[in-house]
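Q: This is model38.cif, which holds mmCIF, C-alpha atoms:
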```cif
data_target
loop_
_atom_site.label_atom_id
_atom_site.label_comp_id
_atom_site.auth_asym_id
_atom_site.auth_seq_id
_atom_site.Cartn_x
_atom_site.Cartn_y
_atom_site.Cartn_z
CA MET V 3 -1.63 21.94 11.35
CA ASP V 4 -3.17 19.75 8.67
CA GLU V 5 -0.30 17.27 9.07
CA PHE V 6 -1.61 16.44 12.56
CA GLU V 7 -5.17 15.64 11.44
CA PHE V 8 -5.00 11.96 12.41
CA LEU V 9 -8.70 11.42 13.03
CA ARG V 10 -9.68 11.95 9.41
CA ASN V 11 -7.26 9.18 8.37
CA VAL V 12 -8.54 6.63 10.89
CA THR V 13 -11.33 4.49 9.48
CA ILE V 14 -11.25 1.58 11.94
CA GLY V 15 -13.88 2.20 14.62
CA GLN V 16 -15.77 4.81 12.62
CA TYR V 17 -19.37 4.41 11.43
CA LEU V 18 -20.52 5.95 8.16
CA PRO V 19 -24.26 5.46 7.47
CA THR V 20 -24.86 5.49 3.72
CA GLY V 21 -28.00 3.36 3.54
CA SER V 22 -26.36 0.69 1.38
CA SER V 23 -27.44 -2.94 1.13
CA ILE V 24 -24.42 -3.95 3.23
CA HIS V 25 -25.53 -1.61 6.00
CA ALA V 26 -28.95 -3.26 5.97
CA LEU V 27 -27.58 -6.77 6.54
CA ASP V 28 -27.95 -8.49 9.90
CA PRO V 29 -24.81 -7.74 11.98
CA ARG V 30 -24.29 -11.46 12.58
CA ALA V 31 -24.25 -12.10 8.84
CA LYS V 32 -21.76 -9.28 8.31
CA ILE V 33 -19.46 -10.55 11.06
CA LEU V 34 -19.50 -14.13 9.72
CA ALA V 35 -18.94 -12.97 6.14
CA PHE V 36 -16.05 -10.71 7.13
CA VAL V 37 -14.48 -13.47 9.26
CA ALA V 38 -14.57 -15.76 6.21
CA LEU V 39 -12.92 -13.08 4.06
CA ILE V 40 -10.30 -12.32 6.71
CA ALA V 41 -9.46 -16.04 7.01
CA THR V 42 -9.11 -16.19 3.23
CA THR V 43 -6.80 -13.20 3.26
CA SER V 44 -4.63 -14.76 5.95
CA PHE V 45 -4.09 -18.02 4.04
CA THR V 46 -3.82 -16.81 0.44
CA GLY V 47 -0.15 -16.81 -0.54
CA SER V 48 -0.17 -16.12 -4.28
CA TYR V 49 -0.02 -12.92 -6.32
CA VAL V 50 -3.14 -13.74 -8.32
CA GLY V 51 -5.10 -14.67 -5.21
CA ASN V 52 -4.26 -11.41 -3.46
CA ILE V 53 -5.05 -9.37 -6.56
CA ILE V 54 -8.49 -11.02 -6.67
CA LEU V 55 -8.97 -10.31 -2.95
CA VAL V 56 -8.04 -6.64 -3.39
CA VAL V 57 -10.59 -6.36 -6.21
CA VAL V 58 -13.24 -8.06 -4.05
CA VAL V 59 -12.57 -5.71 -1.13
CA LEU V 60 -12.75 -2.65 -3.40
CA LEU V 61 -16.05 -3.93 -4.84
CA LEU V 62 -17.39 -4.28 -1.30
CA VAL V 63 -16.31 -0.70 -0.56
CA ALA V 64 -18.18 0.48 -3.65
CA ALA V 65 -21.26 -1.61 -2.72
CA ALA V 66 -21.25 -0.02 0.75
CA ARG V 67 -21.18 3.44 -0.88
CA ILE V 68 -18.04 4.33 1.05
CA PRO V 69 -15.88 6.90 -0.76
CA LEU V 70 -12.81 5.09 -2.07
CA GLY V 71 -10.46 7.87 -1.00
CA TYR V 72 -11.82 7.78 2.54
CA ALA V 73 -11.43 3.99 2.75
CA LEU V 74 -7.86 4.09 1.42
CA ALA V 75 -6.98 6.91 3.83
CA GLY V 76 -7.21 4.36 6.65
CA ILE V 77 -4.03 2.71 5.33
CA ARG V 78 -1.95 5.87 5.78
CA PRO V 79 -1.51 5.66 9.60
CA ALA V 80 -0.28 2.06 9.23
CA LEU V 81 2.32 2.84 6.54
CA PRO V 82 5.28 3.11 8.97
CA PHE V 83 4.45 -0.29 10.48
CA ILE V 84 3.96 -1.85 7.03
CA ILE V 85 7.31 -0.53 5.80
CA ALA V 86 9.09 -1.60 9.00
CA LEU V 87 7.58 -5.09 8.75
CA ALA V 88 8.65 -5.38 5.11
CA PHE V 89 12.21 -4.33 5.99
CA LEU V 90 12.42 -6.85 8.85
CA GLN V 91 11.14 -9.63 6.62
CA LEU V 92 13.80 -8.85 4.03
CA ILE V 93 16.51 -9.03 6.68
CA PHE V 94 15.40 -12.09 8.62
CA SER V 95 13.83 -14.18 5.86
CA PRO V 96 15.63 -17.55 5.67
CA ALA V 97 17.77 -17.90 2.57
CA SER V 98 16.69 -20.54 0.09
CA ALA V 99 19.21 -22.18 -2.20
CA SER V 100 16.55 -22.89 -4.82
CA SER V 101 15.34 -19.28 -4.97
CA PRO V 102 17.26 -16.96 -7.33
CA VAL V 103 18.91 -13.87 -5.85
CA LEU V 104 17.39 -10.62 -7.11
CA LEU V 105 19.46 -8.10 -5.16
CA GLN V 106 22.23 -8.13 -2.58
CA ILE V 107 23.24 -5.06 -0.57
CA GLY V 108 25.70 -5.78 2.22
CA PHE V 109 24.22 -8.39 4.53
CA VAL V 110 20.74 -8.01 3.01
CA THR V 111 19.99 -10.58 0.32
CA VAL V 112 16.74 -10.25 -1.57
CA THR V 113 15.66 -13.49 -3.19
CA GLN V 114 12.60 -14.19 -5.27
CA ALA V 115 11.02 -16.03 -2.32
CA SER V 116 11.67 -13.20 0.17
CA ALA V 117 10.41 -10.57 -2.28
CA GLN V 118 7.21 -12.57 -2.77
CA LEU V 119 6.83 -12.91 1.00
CA VAL V 120 7.15 -9.14 1.47
CA ILE V 121 4.72 -8.27 -1.33
CA ILE V 122 2.14 -10.81 -0.13
CA SER V 123 2.48 -9.60 3.47
CA ILE V 124 1.91 -5.97 2.45
CA ALA V 125 -1.12 -6.99 0.37
CA ARG V 126 -2.53 -8.96 3.30
CA LEU V 127 -2.14 -6.06 5.72
CA VAL V 128 -3.82 -3.66 3.30
CA GLU V 129 -6.70 -6.09 2.77
CA LEU V 130 -7.11 -6.68 6.51
CA ILE V 131 -7.17 -2.95 7.28
CA LEU V 132 -9.76 -2.34 4.57
CA LEU V 133 -11.92 -5.27 5.71
CA VAL V 134 -11.91 -4.29 9.39
CA SER V 135 -12.56 -0.66 8.45
CA LEU V 136 -15.43 -1.71 6.19
CA LEU V 137 -16.99 -3.77 8.98
CA THR V 138 -17.03 -0.87 11.43
CA LEU V 139 -17.99 1.66 8.75
CA THR V 140 -21.11 -0.34 7.90
CA THR V 141 -22.07 -1.50 11.42
CA SER V 142 -22.99 0.73 14.33
CA THR V 143 -21.67 0.14 17.83
CA THR V 144 -25.01 -1.21 19.05
CA GLU V 145 -25.39 -3.57 16.09
CA LEU V 146 -21.83 -4.82 16.41
CA SER V 147 -22.25 -5.48 20.12
CA HIS V 148 -25.56 -7.32 19.65
CA GLY V 149 -24.19 -9.35 16.76
CA LEU V 150 -21.06 -10.44 18.61
CA GLU V 151 -23.05 -11.30 21.73
CA SER V 152 -25.47 -13.44 19.73
CA LEU V 153 -22.66 -15.29 17.94
CA LEU V 154 -20.76 -15.88 21.19
CA ALA V 155 -23.85 -16.99 23.13
CA PRO V 156 -22.83 -20.70 23.02
CA LEU V 157 -19.82 -19.78 25.18
CA ASN V 158 -22.20 -19.22 28.09
CA ILE V 159 -22.44 -22.99 28.41
CA LEU V 160 -18.72 -22.97 29.29
CA ARG V 161 -19.35 -20.15 31.80
CA ILE V 162 -17.59 -17.66 29.54
CA PRO V 163 -19.48 -14.31 29.71
CA ALA V 164 -20.34 -13.74 26.06
CA HIS V 165 -22.00 -10.37 26.71
CA GLU V 166 -19.00 -8.90 28.51
CA PHE V 167 -16.60 -10.35 25.92
CA ALA V 168 -18.59 -8.85 23.03
CA LEU V 169 -18.84 -5.49 24.78
CA THR V 170 -15.08 -5.46 25.39
CA LEU V 171 -14.32 -6.15 21.72
CA THR V 172 -16.75 -3.46 20.60
CA ILE V 173 -15.33 -0.85 22.97
CA ALA V 174 -11.78 -1.74 21.87
CA LEU V 175 -12.69 -1.09 18.22
CA ARG V 176 -14.45 2.15 19.02
CA PHE V 177 -11.49 3.34 21.10
CA VAL V 178 -9.26 3.46 17.99
CA PRO V 179 -10.58 6.82 16.72
CA ILE V 180 -10.60 8.14 20.29
CA ILE V 181 -6.88 7.35 20.63
CA ALA V 182 -6.24 9.03 17.27
CA GLU V 183 -8.12 12.12 18.41
CA GLU V 184 -6.15 12.20 21.67
CA THR V 185 -2.84 11.86 19.79
CA GLU V 186 -3.85 14.71 17.52
CA ARG V 187 -4.73 16.91 20.51
CA LEU V 188 -1.44 16.17 22.29
CA MET V 189 0.67 16.83 19.19
CA LYS V 190 -1.05 20.15 18.51
CA ALA V 191 -0.53 21.15 22.16
CA GLN V 192 3.17 20.25 21.95
CA VAL V 193 3.66 22.10 18.65
CA SER V 194 2.02 25.21 20.09
CA ARG V 195 4.72 25.06 22.79
CA GLY V 196 7.57 24.85 20.26
CA ALA V 197 7.95 21.09 19.78
CA ASP V 198 9.28 19.89 16.41
CA PHE V 199 7.96 16.59 15.06
CA GLY V 200 9.78 16.87 11.75
CA SER V 201 8.48 17.70 8.34
CA VAL V 202 5.77 15.62 6.75
CA SER V 203 7.54 13.14 4.50
CA ARG V 204 7.09 9.47 3.77
CA VAL V 205 10.87 9.06 3.70
CA ARG V 206 11.40 10.63 7.12
CA PHE V 207 8.76 8.60 8.93
CA ILE V 208 11.45 7.00 11.16
CA GLN V 209 12.49 10.41 12.50
CA GLN V 210 8.87 11.38 13.04
CA THR V 211 8.11 8.09 14.79
CA ARG V 212 11.09 8.54 17.12
CA LYS V 213 9.86 12.01 18.08
CA LEU V 214 6.44 10.59 18.90
CA ILE V 215 7.86 8.40 21.71
CA PRO V 216 7.60 11.17 24.38
CA LEU V 217 3.86 11.30 23.68
CA LEU V 218 3.33 7.67 24.69
CA VAL V 219 3.14 8.36 28.45
CA PRO V 220 0.53 11.18 28.29
CA LEU V 221 -1.34 9.22 25.60
CA PHE V 222 -1.61 6.13 27.81
CA LEU V 223 -2.62 8.27 30.79
CA ALA V 224 -5.34 9.94 28.72
CA ALA V 225 -6.57 6.55 27.48
CA LEU V 226 -6.71 5.19 31.02
CA GLN V 227 -8.59 8.30 32.15
CA ARG V 228 -11.12 7.83 29.33
CA ALA V 229 -11.53 4.18 30.34
CA GLU V 230 -12.07 5.15 33.97
CA GLU V 231 -14.70 7.72 32.99
CA LEU V 232 -16.46 5.04 30.93
CA ILE V 233 -16.43 2.65 33.91
CA VAL V 234 -17.88 5.31 36.23
CA ALA V 235 -20.58 6.17 33.69
CA MET V 236 -21.57 2.52 33.29
CA GLU V 237 -21.68 1.97 37.05
CA ALA V 238 -23.74 5.14 37.52
CA ARG V 239 -26.29 3.71 35.10
CA GLY V 240 -26.48 0.44 37.03
CA TYR V 241 -24.64 -1.74 34.51
CA LEU V 242 -24.16 -5.23 35.94
CA GLY V 243 -23.24 -7.18 32.84
CA SER V 244 -25.56 -9.80 31.39
CA GLN V 245 -27.02 -10.68 34.79
CA GLY V 246 -30.80 -10.11 34.68
CA ARG V 247 -30.44 -8.12 31.48
CA THR V 248 -33.20 -8.08 28.86
CA ARG V 249 -32.89 -7.14 25.17
CA PHE V 250 -34.63 -4.18 23.62
CA VAL V 251 -33.35 -5.10 20.15
CA GLU V 252 -34.08 -8.56 18.75
CA LEU V 253 -32.07 -9.64 15.72
CA HIS V 254 -33.94 -11.42 12.94
CA ALA V 255 -32.01 -12.88 10.01
CA THR V 256 -33.59 -12.94 6.56
CA ALA V 257 -32.91 -14.95 3.42
CA ARG V 258 -30.70 -12.13 2.19
CA ASP V 259 -28.47 -12.49 5.26
CA PHE V 260 -28.09 -16.25 4.80
CA PHE V 261 -27.33 -15.70 1.12
CA ALA V 262 -24.59 -13.16 1.94
CA VAL V 263 -22.93 -15.57 4.38
CA LEU V 264 -23.12 -18.47 1.90
CA VAL V 265 -21.59 -16.33 -0.87
CA ALA V 266 -18.74 -15.24 1.42
CA ILE V 267 -18.04 -18.83 2.54
CA ALA V 268 -18.21 -20.10 -1.05
CA CYS V 269 -15.78 -17.43 -2.24
CA ALA V 270 -13.45 -18.22 0.67
CA ALA V 271 -13.52 -21.96 -0.07
CA LEU V 272 -12.92 -21.33 -3.77
CA MET V 273 -9.95 -19.04 -3.08
CA LEU V 274 -8.38 -21.54 -0.68
CA LEU V 275 -8.93 -24.61 -2.87
CA VAL V 276 -7.81 -23.19 -6.23
CA GLN V 277 -4.08 -23.46 -6.90
CA PHE V 278 -3.05 -20.28 -8.67
CA PRO V 279 0.03 -20.50 -10.96
CA PHE V 280 1.82 -17.62 -9.23
#
```
Would you give me this structure, written as structure tokens?

A:
Amino acid sequence: MDEFEFLRNVTIGQYLPTGSSIHALDPRAKILAFVALIATTSFTGSYVGNIILVVVVLLLVAAARIPLGYALAGIRPALPFIIALAFLQLIFSPASASSPVLLQIGFVTVTQASAQLVIISIARLVELILLVSLLTLTTSTTELSHGLESLLAPLNILRIPAHEFALTLTIALRFVPIIAEETERLMKAQVSRGADFGSVSRVRFIQQTRKLIPLLVPLFLAALQRAEELIVAMEARGYLGSQGRTRFVELHATARDFFAVLVAIACAALMLLVQFPF
């Protein structure tokens, strides 16, 4: 049942300690640097810009000592959504009279502008998945929670509970591999009872996705049960949020952390200000 091993292809929410220099950075510095890179990815609309961003992301993966194959494996579960999004963009992209037509099949007209939109969108999604995966792979749950809480601390002035908000975001990220593990368990249980989810093929992903729909109800029930168990465990340990809560871990930024944030912001500003030819 190797085709049902989803957990090994899910990198978002996992933590892989390799002792790299990126792992050693202050979590606040990593979060700010990754936010700058994600913002750059979202607003870069040229081929050259996205190629540069892909190279930068791959260099960060190498600097974090994360195996390249393992990092790229995190894209595999998102392939059906990426392909579906590309197809929808080709269909519903507004036609431009100034853009030359590259291909026309029935009611689908592929222009140079729509083809560029699809390619850039796919590149952005790949970059975003790699960046979010890299953040969780290099930052433990505790560090990520402390870093988010520290960065969101100014929201307490507006009576917005920064601690609870940071904890919610952290738990949401860490629930991704748990959901993948639960999906894997349910599919293996169904196959052992004679269910057919189709052969493993990139072309037949639509058929496989359609056969996964009956798993949604038990998957949501299992996720809700896991969430309820987490709530009971937190209440049993006397968790009351940030009220009267002290910190065992104190974050201290160093010059290296400030330098990493400045480099990320400088690269983001440079990518957004430079007008690439194509």

Q: Env of stretch 20-24 of chain V: 10 Å cut, atoms = only C-alpha atoms, seq-sep filter 6 positions within chain, self excluded. Answer as a list of chain:residue names.

A: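 Answer for this query is V:Ala31, V:Lys32, V:Leu62, V:Val63, V:Ala64, V:Ala65, V:Ala66, V:Arg67, V:Ile68, V:Leu136, V:Leu137, V:Leu139, V:Thr140, V:Thr141, V:Arg258, V:Asp259, V:Ala262.
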
Q: Tell me, as a list in words, which residues lie within 10 Å of stretch 152-162 of chain V, counting all atoms listed in the file; anything in the same chain fewer than 2 positions away does not count.

A: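 Counting all atoms listed in the file, the residues come to Pro29, Arg30, Ala31, Ile33, Leu34, Leu146, Ser147, His148, Gly149, Leu150, Ala164, His165, Glu166, Phe167, Ala168, Glu252 and Leu253 of chain V.
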
Q: In terms of the shortest atom-to-atom distance over all atoms listed in the file, which of V:Thr185, V:Gln16, V:Thr256, V:Gln277 is closest to V:Ser135?

A: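 Nearest candidate to V:Ser135 out of V:Thr185, V:Gln16, V:Thr256, V:Gln277: V:Gln16.
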
Q: Write out as a PDB file with C-alpha atoms, keeping the file's coordinate frame each polymer residue whose atoms come within 7 Å of stretch 38-49 of chain V, counting all atoms listed in the file; drop sequence neighbours fewer than 4 positions from it.

A:
```pdb
ATOM      1  CA  LEU V  34     -19.500 -14.130   9.720  1.00  0.00           C
ATOM      2  CA  ILE V  53      -5.050  -9.370  -6.560  1.00  0.00           C
ATOM      3  CA  ILE V 122       2.140 -10.810  -0.130  1.00  0.00           C
ATOM      4  CA  ARG V 126      -2.530  -8.960   3.300  1.00  0.00           C
ATOM      5  CA  LEU V 130      -7.110  -6.680   6.510  1.00  0.00           C
ATOM      6  CA  ALA V 266     -18.740 -15.240   1.420  1.00  0.00           C
ATOM      7  CA  ILE V 267     -18.040 -18.830   2.540  1.00  0.00           C
ATOM      8  CA  ALA V 270     -13.450 -18.220   0.670  1.00  0.00           C
ATOM      9  CA  MET V 273      -9.950 -19.040  -3.080  1.00  0.00           C
ATOM     10  CA  LEU V 274      -8.380 -21.540  -0.680  1.00  0.00           C
ATOM     11  CA  PHE V 278      -3.050 -20.280  -8.670  1.00  0.00           C
ATOM     12  CA  PHE V 280       1.820 -17.620  -9.230  1.00  0.00           C
TER      13      PHE V 280
END
```

Q: Report the distance between atom CA of V:Phe36 and atom CA of V:Val57 in Å, rounded to one decimal place.

A: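 Separating atom CA of V:Phe36 from atom CA of V:Val57 is a distance of 15.1 Å.
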
Q: Can you list, as a list in words, the residues that the PyMOL selection byres ((chain V and resi 13) around 7) selects here?

A: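 Answer for the PyMOL selection byres ((chain V and resi 13) around 7): Asn11, Val12, Ile14, Gly15, Gln16, Ala73, Gly76 and Ser135 of chain V.
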
Q: Could you tell me how far atom CA of V:Arg228 lies from atom CA of V:Ile173, in Å and to one decimal?

A: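 Spanning atom CA of V:Arg228 to atom CA of V:Ile173 is a straight-line distance of 11.6 Å.
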
Q: Quick one: distance from atom CA of V:Glu129 to atom CA of V:Val56 in Å, one decimal?

A: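 A separation of 6.3 Å between them.
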
Q: Using all atoms listed in the file, can you tell me which of V:Ala125, V:Ala174, V:Val234, V:Ile180 comes closest to V:Gly51?

A: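 For V:Gly51, the nearest of the candidates is V:Ala125.
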
Q: Considering only C-alpha atoms, can you say which of V:Val50, V:Ile124, V:Ala117, V:Ile181 comes closest to V:Ala225?

A: V:Ile181
